[in-house]
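Okay, upload24.pdb is below, PDB, C-alpha atoms:
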```pdb
ATOM      1  CA  MET A   1     -13.433  36.131  -0.157
ATOM      2  CA  THR A   2     -16.665  35.688  -2.072
ATOM      3  CA  VAL A   3     -18.389  32.605  -3.373
ATOM      4  CA  LYS A   4     -20.597  32.910  -6.441
ATOM      5  CA  HIS A   5     -23.014  30.354  -7.847
ATOM      6  CA  GLU A   6     -23.823  30.153 -11.546
ATOM      7  CA  TYR A   7     -25.708  27.722 -13.756
ATOM      8  CA  TYR A   8     -25.189  26.876 -17.417
ATOM      9  CA  GLU A   9     -26.457  24.433 -19.989
ATOM     10  CA  CYS A  10     -23.809  23.064 -22.328
ATOM     11  CA  VAL A  11     -24.164  21.179 -25.560
ATOM     12  CA  VAL A  12     -21.627  18.557 -26.582
ATOM     13  CA  GLN A  13     -19.735  19.716 -29.654
ATOM     14  CA  HIS A  14     -19.777  16.411 -31.522
ATOM     15  CA  SER A  15     -23.215  15.679 -32.961
ATOM     16  CA  THR A  16     -22.260  12.004 -33.293
ATOM     17  CA  VAL A  17     -22.484  11.584 -29.520
ATOM     18  CA  THR A  18     -25.802   9.923 -28.797
ATOM     19  CA  ARG A  19     -25.711  10.091 -25.024
ATOM     20  CA  ASN A  20     -24.535  12.426 -22.353
ATOM     21  CA  PRO A  21     -20.726  12.298 -22.290
ATOM     22  CA  LEU A  22     -20.614  11.741 -18.554
ATOM     23  CA  GLN A  23     -23.388   9.119 -18.684
ATOM     24  CA  LEU A  24     -25.874  11.356 -16.889
ATOM     25  CA  SER A  25     -28.503  11.061 -19.574
ATOM     26  CA  LYS A  26     -29.063   8.328 -22.148
ATOM     27  CA  GLN A  27     -31.532  10.363 -24.177
ATOM     28  CA  SER A  28     -29.691  13.551 -25.077
ATOM     29  CA  PRO A  29     -26.185  14.779 -25.945
ATOM     30  CA  VAL A  30     -26.839  17.822 -23.773
ATOM     31  CA  ILE A  31     -25.135  18.093 -20.401
ATOM     32  CA  PRO A  32     -28.218  18.995 -18.372
ATOM     33  CA  TRP A  33     -26.723  21.167 -15.658
ATOM     34  CA  ARG A  34     -23.368  22.684 -14.991
ATOM     35  CA  HIS A  35     -23.062  24.251 -11.572
ATOM     36  CA  GLU A  36     -20.196  26.634 -10.993
ATOM     37  CA  VAL A  37     -18.821  27.938  -7.718
ATOM     38  CA  ILE A  38     -16.243  30.722  -7.953
ATOM     39  CA  LEU A  39     -13.658  31.065  -5.162
ATOM     40  CA  ASP A  40     -11.733  34.330  -5.259
ATOM     41  CA  ALA A  41      -9.658  34.738  -2.088
ATOM     42  CA  HIS A  42      -6.315  34.822  -3.926
ATOM     43  CA  THR A  43      -4.947  38.193  -5.020
ATOM     44  CA  ASP A  44      -2.827  36.981  -7.949
ATOM     45  CA  GLU A  45      -2.682  34.160 -10.501
ATOM     46  CA  VAL A  46      -3.639  30.711  -9.185
ATOM     47  CA  TRP A  47      -1.214  28.095 -10.493
ATOM     48  CA  ASN A  48      -2.327  24.803  -9.018
ATOM     49  CA  VAL A  49      -5.203  23.005  -7.308
ATOM     50  CA  ALA A  50      -5.259  19.605  -5.585
ATOM     51  CA  TRP A  51      -8.106  17.698  -3.899
ATOM     52  CA  SER A  52      -7.627  15.874  -0.639
ATOM     53  CA  HIS A  53      -8.186  12.131  -0.974
ATOM     54  CA  ASP A  54     -11.485  12.307   0.924
ATOM     55  CA  GLY A  55     -12.743  14.916  -1.566
ATOM     56  CA  LEU A  56     -13.774  17.344   1.186
ATOM     57  CA  ARG A  57     -10.921  19.832   0.844
ATOM     58  CA  LEU A  58      -9.246  21.589  -2.016
ATOM     59  CA  ALA A  59      -5.788  23.139  -1.812
ATOM     60  CA  SER A  60      -4.815  26.000  -4.096
ATOM     61  CA  ALA A  61      -1.397  27.516  -4.815
ATOM     62  CA  SER A  62      -0.892  31.049  -6.050
ATOM     63  CA  LYS A  63       1.560  33.580  -7.351
ATOM     64  CA  ASP A  64       0.505  35.729  -4.374
ATOM     65  CA  LYS A  65       2.901  33.584  -2.240
ATOM     66  CA  THR A  66       0.099  31.785  -0.403
ATOM     67  CA  ALA A  67      -1.661  28.452  -0.464
ATOM     68  CA  ILE A  68      -5.236  28.055   0.743
ATOM     69  CA  ILE A  69      -7.026  24.998   2.114
ATOM     70  CA  TRP A  70     -10.706  25.213   1.189
ATOM     71  CA  ARG A  71     -13.446  23.159   2.806
ATOM     72  CA  ILE A  72     -15.931  22.091   0.146
ATOM     73  CA  GLY A  73     -19.304  21.092   1.547
ATOM     74  CA  SER A  74     -20.798  17.720   0.667
ATOM     75  CA  ASP A  75     -24.397  18.924   0.283
ATOM     76  CA  ALA A  76     -26.294  17.094  -2.435
ATOM     77  CA  GLU A  77     -27.773  20.371  -3.677
ATOM     78  CA  PRO A  78     -24.928  22.540  -5.057
ATOM     79  CA  SER A  79     -26.715  25.849  -4.515
ATOM     80  CA  SER A  80     -26.592  25.238  -0.764
ATOM     81  CA  ARG A  81     -23.049  23.870  -0.677
ATOM     82  CA  GLU A  82     -20.779  25.776   1.676
ATOM     83  CA  CYS A  83     -17.271  26.540   0.403
ATOM     84  CA  VAL A  84     -14.975  28.086   3.003
ATOM     85  CA  ALA A  85     -11.325  29.157   2.981
ATOM     86  CA  GLU A  86     -10.314  27.328   6.169
ATOM     87  CA  PHE A  87      -6.622  28.190   6.263
ATOM     88  CA  THR A  88      -4.402  30.606   4.361
ATOM     89  CA  LEU A  89      -0.800  29.414   4.474
ATOM     90  CA  ARG A  90       1.543  32.404   4.328
ATOM     91  CA  GLU A  91       5.087  31.269   5.143
ATOM     92  CA  HIS A  92       6.420  31.249   1.567
ATOM     93  CA  SER A  93       8.542  34.146   0.271
ATOM     94  CA  PHE A  94       7.936  33.333  -3.385
ATOM     95  CA  ALA A  95       5.055  32.244  -5.616
ATOM     96  CA  VAL A  96       3.670  28.834  -4.621
ATOM     97  CA  GLY A  97       3.486  26.377  -7.517
ATOM     98  CA  ALA A  98       3.242  22.781  -6.252
ATOM     99  CA  LEU A  99       0.937  20.912  -3.870
ATOM    100  CA  GLY A 100       0.821  17.382  -2.483
ATOM    101  CA  TRP A 101      -1.490  15.663   0.019
ATOM    102  CA  SER A 102      -0.482  12.687   2.144
ATOM    103  CA  LEU A 103      -2.621   9.592   1.620
ATOM    104  CA  ASP A 104      -4.485  10.141   4.902
ATOM    105  CA  ASP A 105      -4.840  13.889   4.223
ATOM    106  CA  SER A 106      -3.068  14.710   7.493
ATOM    107  CA  ILE A 107      -0.290  16.653   5.734
ATOM    108  CA  LEU A 108      -0.267  19.115   2.868
ATOM    109  CA  ALA A 109       3.069  19.842   1.183
ATOM    110  CA  THR A 110       3.533  23.171  -0.602
ATOM    111  CA  SER A 111       6.529  24.340  -2.587
ATOM    112  CA  ALA A 112       7.895  27.669  -3.776
ATOM    113  CA  ASP A 113      11.162  27.658  -5.684
ATOM    114  CA  ASN A 114      13.701  25.674  -3.593
ATOM    115  CA  LEU A 115      11.631  25.359  -0.438
ATOM    116  CA  ILE A 116       9.069  22.743   0.616
ATOM    117  CA  LEU A 117       6.812  23.318   3.607
ATOM    118  CA  LEU A 118       4.750  20.632   5.344
ATOM    119  CA  TRP A 119       1.467  21.758   6.903
ATOM    120  CA  ASP A 120      -0.546  19.914   9.513
ATOM    121  CA  ASN A 121      -4.148  19.088   8.590
ATOM    122  CA  THR A 122      -5.098  17.091  11.669
ATOM    123  CA  LYS A 123      -8.016  18.224  13.794
ATOM    124  CA  ASP A 124      -6.128  19.961  16.609
ATOM    125  CA  MET A 125      -3.172  21.296  14.605
ATOM    126  CA  ALA A 126      -4.781  22.082  11.251
ATOM    127  CA  GLY A 127      -3.114  24.956   9.447
ATOM    128  CA  ASP A 128       0.070  24.841  11.544
ATOM    129  CA  LEU A 129       3.499  24.585   9.942
ATOM    130  CA  ARG A 130       4.855  21.130  10.718
ATOM    131  CA  ASP A 131       8.249  21.151   9.008
ATOM    132  CA  ASP A 132      10.291  23.002   6.409
ATOM    133  CA  TRP A 133      12.782  21.606   3.921
ATOM    134  CA  THR A 134      15.150  24.282   2.695
ATOM    135  CA  GLY A 135      17.797  24.042   0.001
ATOM    136  CA  VAL A 136      15.816  21.748  -2.303
ATOM    137  CA  PRO A 137      18.116  21.398  -5.368
ATOM    138  CA  ILE A 138      15.364  21.979  -7.937
ATOM    139  CA  ARG A 139      12.551  24.407  -8.462
ATOM    140  CA  VAL A 140       9.690  22.011  -7.695
ATOM    141  CA  THR A 141       6.899  22.010 -10.273
ATOM    142  CA  ASP A 142       4.963  18.987  -9.016
ATOM    143  CA  MET A 143       5.125  16.494  -6.176
ATOM    144  CA  THR A 144       3.308  13.602  -4.571
ATOM    145  CA  VAL A 145       3.550  11.712  -1.298
ATOM    146  CA  SER A 146       4.205   7.965  -1.546
ATOM    147  CA  PRO A 147       1.407   5.667  -0.260
ATOM    148  CA  ASP A 148       3.516   4.584   2.748
ATOM    149  CA  MET A 149       4.097   8.282   3.567
ATOM    150  CA  GLU A 150       7.835   7.640   3.716
ATOM    151  CA  ARG A 151       8.805   9.544   0.570
ATOM    152  CA  LEU A 152       7.950  12.815  -1.131
ATOM    153  CA  VAL A 153       8.528  12.508  -4.870
ATOM    154  CA  THR A 154       9.233  15.755  -6.704
ATOM    155  CA  VAL A 155       9.856  16.857 -10.275
ATOM    156  CA  GLY A 156      11.173  20.223 -11.316
ATOM    157  CA  MET A 157      13.781  22.242 -13.131
ATOM    158  CA  GLY A 158      16.969  24.190 -12.544
ATOM    159  CA  TYR A 159      18.900  21.426 -10.752
ATOM    160  CA  ILE A 160      21.714  22.724  -8.540
ATOM    161  CA  ALA A 161      23.900  20.305  -6.579
ATOM    162  CA  THR A 162      24.658  21.543  -3.075
ATOM    163  CA  PRO A 163      27.502  20.616  -0.706
ATOM    164  CA  THR A 164      24.925  19.496   1.839
ATOM    165  CA  MET A 165      23.569  16.881  -0.568
ATOM    166  CA  VAL A 166      27.046  15.521  -1.275
ATOM    167  CA  ASP A 167      27.887  15.388   2.420
ATOM    168  CA  GLU A 168      24.637  13.555   3.186
ATOM    169  CA  ALA A 169      25.280  11.044   0.419
ATOM    170  CA  VAL A 170      28.752  10.318   1.797
ATOM    171  CA  SER A 171      27.440   9.992   5.355
ATOM    172  CA  ARG A 172      24.921   7.389   4.157
ATOM    173  CA  GLY A 173      27.739   5.411   2.598
ATOM    174  CA  SER A 174      26.489   5.971  -0.931
ATOM    175  CA  SER A 175      28.561   7.119  -3.864
ATOM    176  CA  ARG A 176      27.596   9.356  -6.725
ATOM    177  CA  GLU A 177      29.383   9.905 -10.004
ATOM    178  CA  SER A 178      30.716  13.410 -10.453
ATOM    179  CA  THR A 179      29.437  13.335 -14.057
ATOM    180  CA  PRO A 180      26.229  11.279 -14.269
ATOM    181  CA  PRO A 181      25.551   9.282 -17.451
ATOM    182  CA  THR A 182      24.007  11.078 -20.402
ATOM    183  CA  PRO A 183      20.435   9.965 -21.239
ATOM    184  CA  ARG A 184      20.410   7.711 -24.298
ATOM    185  CA  ASP A 185      17.788   6.557 -26.763
ATOM    186  CA  GLU A 186      16.703   2.996 -27.458
ATOM    187  CA  ASN A 187      19.672   2.500 -29.830
ATOM    188  CA  GLY A 188      22.207   3.597 -27.272
ATOM    189  CA  GLY A 189      22.849   7.019 -28.803
ATOM    190  CA  ALA A 190      22.840  10.242 -26.862
ATOM    191  CA  MET A 191      19.469  11.987 -26.958
ATOM    192  CA  ASN A 192      19.450  15.309 -28.778
ATOM    193  CA  GLY A 193      19.760  18.203 -26.358
ATOM    194  CA  ALA A 194      20.336  15.876 -23.418
ATOM    195  CA  GLN A 195      22.560  17.073 -20.618
ATOM    196  CA  PRO A 196      24.035  14.928 -17.849
ATOM    197  CA  SER A 197      21.378  14.150 -15.266
ATOM    198  CA  ASP A 198      21.739  13.047 -11.686
ATOM    199  CA  ASN A 199      18.964  10.453 -11.372
ATOM    200  CA  ARG A 200      16.307  13.015 -12.094
ATOM    201  CA  ILE A 201      13.656  13.718 -14.692
ATOM    202  CA  ILE A 202      14.722  16.326 -17.226
ATOM    203  CA  VAL A 203      12.189  19.034 -18.029
ATOM    204  CA  TYR A 204      12.848  20.734 -21.361
ATOM    205  CA  ASP A 205      11.845  24.365 -21.771
ATOM    206  CA  LEU A 206       9.873  24.594 -25.017
ATOM    207  CA  ASP A 207       8.986  28.260 -24.545
ATOM    208  CA  THR A 208       5.416  27.362 -23.715
ATOM    209  CA  LYS A 209       3.502  27.547 -20.473
ATOM    210  CA  ALA A 210       2.994  24.246 -18.703
ATOM    211  CA  ILE A 211      -0.693  23.446 -18.263
ATOM    212  CA  GLU A 212      -1.712  20.446 -16.210
ATOM    213  CA  LEU A 213      -4.236  17.837 -17.276
ATOM    214  CA  CYS A 214      -5.745  14.834 -15.536
ATOM    215  CA  PHE A 215      -7.811  11.693 -16.044
ATOM    216  CA  GLY A 216     -11.109  11.208 -14.222
ATOM    217  CA  GLY A 217     -14.876  11.180 -14.524
ATOM    218  CA  ILE A 218     -16.994   8.051 -14.896
ATOM    219  CA  ASP A 219     -14.624   5.043 -14.863
ATOM    220  CA  GLY A 220     -11.714   7.367 -15.572
ATOM    221  CA  ASN A 221     -12.825   7.709 -19.203
ATOM    222  CA  PHE A 222     -12.337  11.453 -19.450
ATOM    223  CA  VAL A 223      -9.465  13.892 -19.584
ATOM    224  CA  LEU A 224      -9.543  17.480 -18.379
ATOM    225  CA  SER A 225      -7.124  20.142 -19.501
ATOM    226  CA  GLY A 226      -6.727  23.851 -19.131
ATOM    227  CA  SER A 227      -5.707  26.066 -22.010
ATOM    228  CA  GLU A 228      -4.093  29.381 -22.749
ATOM    229  CA  ASP A 229      -7.355  30.677 -24.245
ATOM    230  CA  ARG A 230      -9.026  30.731 -20.765
ATOM    231  CA  ASN A 231     -11.169  27.639 -21.402
ATOM    232  CA  VAL A 232     -11.441  24.219 -19.765
ATOM    233  CA  CYS A 233     -11.436  21.346 -22.267
ATOM    234  CA  VAL A 234     -13.180  18.037 -21.615
ATOM    235  CA  TRP A 235     -11.878  15.131 -23.674
ATOM    236  CA  ARG A 236     -13.073  11.581 -24.050
ATOM    237  CA  ARG A 237     -10.103   9.235 -23.967
ATOM    238  CA  ASP A 238     -11.179   7.193 -26.978
ATOM    239  CA  THR A 239     -12.767   9.811 -29.262
ATOM    240  CA  GLY A 240     -11.176  13.173 -28.477
ATOM    241  CA  ILE A 241     -12.574  16.499 -27.360
ATOM    242  CA  LEU A 242     -16.192  16.664 -26.231
ATOM    243  CA  GLU A 243     -16.645  20.270 -25.262
ATOM    244  CA  VAL A 244     -14.977  23.523 -24.340
ATOM    245  CA  LEU A 245     -16.168  25.189 -21.142
ATOM    246  CA  PRO A 246     -15.834  28.979 -20.973
ATOM    247  CA  GLY A 247     -16.086  30.855 -17.727
ATOM    248  CA  HIS A 248     -12.645  31.934 -16.566
ATOM    249  CA  GLY A 249     -11.439  35.460 -17.211
ATOM    250  CA  MET A 250      -8.383  36.601 -19.107
ATOM    251  CA  GLY A 251      -5.276  34.423 -18.994
ATOM    252  CA  SER A 252      -4.461  30.735 -18.901
ATOM    253  CA  VAL A 253      -6.370  28.016 -17.082
ATOM    254  CA  ASN A 254      -3.341  26.543 -15.327
ATOM    255  CA  SER A 255      -4.556  23.442 -13.512
ATOM    256  CA  VAL A 256      -7.566  21.132 -13.357
ATOM    257  CA  ALA A 257      -8.396  18.346 -10.906
ATOM    258  CA  TRP A 258     -11.215  15.792 -10.590
ATOM    259  CA  ASN A 259     -12.670  15.272  -7.144
ATOM    260  CA  PRO A 260     -11.533  11.725  -6.192
ATOM    261  CA  GLN A 261     -14.814  11.038  -4.389
ATOM    262  CA  ASN A 262     -17.233  12.687  -6.814
ATOM    263  CA  GLU A 263     -16.841  11.742 -10.466
ATOM    264  CA  ARG A 264     -19.151  14.585 -11.505
ATOM    265  CA  MET A 265     -17.104  17.349  -9.874
ATOM    266  CA  PHE A 266     -13.837  19.002 -10.819
ATOM    267  CA  ALA A 267     -11.914  22.178 -10.062
ATOM    268  CA  SER A 268      -9.967  24.567 -12.270
ATOM    269  CA  CYS A 269      -7.759  27.573 -11.551
ATOM    270  CA  SER A 270      -6.590  30.447 -13.676
ATOM    271  CA  ASP A 271      -4.524  33.566 -14.141
ATOM    272  CA  ASP A 272      -7.762  35.450 -13.384
ATOM    273  CA  CYS A 273      -7.055  34.811  -9.644
ATOM    274  CA  THR A 274     -10.029  32.463  -9.210
ATOM    275  CA  ILE A 275     -10.769  28.799  -8.606
ATOM    276  CA  ARG A 276     -13.938  27.353 -10.066
ATOM    277  CA  ILE A 277     -15.801  24.240  -8.952
ATOM    278  CA  TRP A 278     -17.729  22.582 -11.778
ATOM    279  CA  GLU A 279     -20.398  19.942 -11.303
ATOM    280  CA  LEU A 280     -22.765  18.075 -13.604
ATOM    281  CA  HIS A 281     -26.276  17.194 -12.511
ATOM    282  CA  GLN A 282     -29.336  15.344 -13.641
ATOM    283  CA  PRO A 283     -32.052  17.734 -14.842
ATOM    284  CA  PRO A 284     -35.274  17.799 -12.868
ATOM    285  CA  PRO A 285     -37.913  15.361 -14.124
ATOM    286  CA  PRO A 286     -40.431  16.811 -16.650
TER     287      PRO A 286
END
```

Step by step, read the file and then write its structure as C-alpha cells.
Amino acid sequence: MTVKHEYYECVVQHSTVTRNPLQLSKQSPVIPWRHEVILDAHTDEVWNVAWSHDGLRLASASKDKTAIIWRIGSDAEPSSRECVAEFTLREHSFAVGALGWSLDDSILATSADNLILLWDNTKDMAGDLRDDWTGVPIRVTDMTVSPDMERLVTVGMGYIATPTMVDEAVSRGSSRESTPPTPRDENGGAMNGAQPSDNRIIVYDLDTKAIELCFGGIDGNFVLSGSEDRNVCVWRRDTGILEVLPGHGMGSVNSVAWNPQNERMFASCSDDCTIRIWELHQPPPP
C-alpha cells in the first residue's frame, strides 16, 4: 500500500462566483489549495467509502472481496498526515458493496450480495469478526445503523423470500400477505412497471451505473457526486455545479463522502482501484 501526496490549484468554473465556493477566501473565486492523498491498497475497483462518525477512520469496500478500515491522521498540515490501512477485512466471498458504521463507531457493517458481516472496532477487538447474518433476502446496496443501534436499515435489489423469514414472522406472531399490495400513485392507480413489494423499497434497473452523492461542506450547502467520466463534481445546492475535479484514472468515480468532522475534507473512490482524500486549505499569507 502506498500513500501519495499531490497539490493542485483549481479555479471555479462559474465566473459569476465572487468568493471562494467553500468560504475559504472572500477575495477570489479560486480554491487556493487542494491537497490529495491517494490510497491504493485495493487490487480491484473500489465501490464505496464511508467515514466513521468521529472522522478519524474511513472504510472502503471493493470488488476485490475485501473492506479496509483506514486510519486518517488529524494533523493540521496535510503533507504530514499519516494515512494507514489498519485492518483488511477478508471474510467475504464476493465483491463488497455496502458499508455502515454504528453511531459510536464500535461496529462496522459490510455487505456482499446476501451476506452482512459485523466487525468489531473497539480498542481490544478491532478488526475481529463479531457476527454474520447469512441469507439476507436482498442484494444489499446501501445500509445504515439506527441511532439507538437496535436496527440495521438496508436497501437493495433482487428480493427473494426465504422459508426462514416466513417461519420467523410466524414465530413472532406477525402475519404477512402472500401477495403484498402493488405500489400506487397519488391518484390510487398502479404505478407503471410496479411489481408487488413486501414492505421494501423498489430499485428500478435503468441500465445505468449507480453513483452515490452526498450533501456536506460548510453548513451542508454543497453536494458531491462521482461520475462515469472519472471526475468528482462539486455542486452548490442553490446555483448548480461549481467545478469538476479530475484526478482519478480510467473508470467511474463510484462513491464520495464528506468527513463529518472536517467540512473541508472529503473522500472519493473509483474503478481505478484507489481512494482519494481531498482537502481545501487557506493559501499562505503574501

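One finds CA of Lys63 (chain A) at 23.1 Å from CA of Glu36 (chain A).
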
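As for CA of Asn48 (chain A) and CA of Val253 (chain A), they are spaced 9.6 Å apart.
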
I need the residue set behind the PyMOL selection byres ((chain A and resi 258-265) around 9) for this file; please write it as a ChimeraX atom specification. /A:22,50-56,58,214-220,224,256-257,266-267,277-281

When the PyMOL selection byres ((chain A and resi 97) around 7) is applied to the file above, which residues end up in the set, as a VMD selection string? chain A and resid 47 to 48 61 to 62 95 to 96 98 111 to 112 141

Please, what distance in Å, to one decimal, runs between CA of Cys83 (chain A) and CA of Arg57 (chain A)? 9.2 Å

Running the PyMOL selection byres ((chain A and resi 39-43) around 10) on this model by hand, what would come out? Give it as a ChimeraX atom specification. /A:1-5,36-38,44-46,60-68,70,83-85,88,269,272-277

Give me a file of those residues, with C-alpha atoms, as a PDB file, keeping the file's coordinate frame.
```
ATOM      1  CA  MET A   1     -13.433  36.131  -0.157  1.00  0.00           C
ATOM      2  CA  THR A   2     -16.665  35.688  -2.072  1.00  0.00           C
ATOM      3  CA  VAL A   3     -18.389  32.605  -3.373  1.00  0.00           C
ATOM      4  CA  LYS A   4     -20.597  32.910  -6.441  1.00  0.00           C
ATOM      5  CA  HIS A   5     -23.014  30.354  -7.847  1.00  0.00           C
ATOM      6  CA  GLU A  36     -20.196  26.634 -10.993  1.00  0.00           C
ATOM      7  CA  VAL A  37     -18.821  27.938  -7.718  1.00  0.00           C
ATOM      8  CA  ILE A  38     -16.243  30.722  -7.953  1.00  0.00           C
ATOM      9  CA  ASP A  44      -2.827  36.981  -7.949  1.00  0.00           C
ATOM     10  CA  GLU A  45      -2.682  34.160 -10.501  1.00  0.00           C
ATOM     11  CA  VAL A  46      -3.639  30.711  -9.185  1.00  0.00           C
ATOM     12  CA  SER A  60      -4.815  26.000  -4.096  1.00  0.00           C
ATOM     13  CA  ALA A  61      -1.397  27.516  -4.815  1.00  0.00           C
ATOM     14  CA  SER A  62      -0.892  31.049  -6.050  1.00  0.00           C
ATOM     15  CA  LYS A  63       1.560  33.580  -7.351  1.00  0.00           C
ATOM     16  CA  ASP A  64       0.505  35.729  -4.374  1.00  0.00           C
ATOM     17  CA  LYS A  65       2.901  33.584  -2.240  1.00  0.00           C
ATOM     18  CA  THR A  66       0.099  31.785  -0.403  1.00  0.00           C
ATOM     19  CA  ALA A  67      -1.661  28.452  -0.464  1.00  0.00           C
ATOM     20  CA  ILE A  68      -5.236  28.055   0.743  1.00  0.00           C
ATOM     21  CA  TRP A  70     -10.706  25.213   1.189  1.00  0.00           C
ATOM     22  CA  CYS A  83     -17.271  26.540   0.403  1.00  0.00           C
ATOM     23  CA  VAL A  84     -14.975  28.086   3.003  1.00  0.00           C
ATOM     24  CA  ALA A  85     -11.325  29.157   2.981  1.00  0.00           C
ATOM     25  CA  THR A  88      -4.402  30.606   4.361  1.00  0.00           C
ATOM     26  CA  CYS A 269      -7.759  27.573 -11.551  1.00  0.00           C
ATOM     27  CA  ASP A 272      -7.762  35.450 -13.384  1.00  0.00           C
ATOM     28  CA  CYS A 273      -7.055  34.811  -9.644  1.00  0.00           C
ATOM     29  CA  THR A 274     -10.029  32.463  -9.210  1.00  0.00           C
ATOM     30  CA  ILE A 275     -10.769  28.799  -8.606  1.00  0.00           C
ATOM     31  CA  ARG A 276     -13.938  27.353 -10.066  1.00  0.00           C
ATOM     32  CA  ILE A 277     -15.801  24.240  -8.952  1.00  0.00           C
TER      33      ILE A 277
END
```

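Each of A:Ser225, A:Gly73, A:Met143, A:Leu129 was compared to His92 (chain A) using only C-alpha atoms, and A:Leu129 turns out to be the nearest.
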
Would you please work out which residue, of A:Leu115, A:Val155, A:Val223, A:Met149, is nearest to Val136 (chain A) when using all atoms listed in the file? A:Leu115

When you look at Leu103 (chain A) with a cut-off of 10 Å (counting only C-alpha atoms), what residues show up, excluding the ones that are within fewer than 2 positions of it in the same chain? I need them as a PDB file with C-alpha atoms, in the frame of the given file.
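Okay, this is what ended up in out-v5.pdb:
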```pdb
ATOM      1  CA  SER A  52      -7.627  15.874  -0.639  1.00  0.00           C
ATOM      2  CA  HIS A  53      -8.186  12.131  -0.974  1.00  0.00           C
ATOM      3  CA  ASP A  54     -11.485  12.307   0.924  1.00  0.00           C
ATOM      4  CA  GLY A 100       0.821  17.382  -2.483  1.00  0.00           C
ATOM      5  CA  TRP A 101      -1.490  15.663   0.019  1.00  0.00           C
ATOM      6  CA  ASP A 105      -4.840  13.889   4.223  1.00  0.00           C
ATOM      7  CA  SER A 106      -3.068  14.710   7.493  1.00  0.00           C
ATOM      8  CA  ILE A 107      -0.290  16.653   5.734  1.00  0.00           C
ATOM      9  CA  LEU A 108      -0.267  19.115   2.868  1.00  0.00           C
ATOM     10  CA  THR A 144       3.308  13.602  -4.571  1.00  0.00           C
ATOM     11  CA  VAL A 145       3.550  11.712  -1.298  1.00  0.00           C
ATOM     12  CA  SER A 146       4.205   7.965  -1.546  1.00  0.00           C
ATOM     13  CA  PRO A 147       1.407   5.667  -0.260  1.00  0.00           C
ATOM     14  CA  ASP A 148       3.516   4.584   2.748  1.00  0.00           C
ATOM     15  CA  MET A 149       4.097   8.282   3.567  1.00  0.00           C
TER      16      MET A 149
END
```
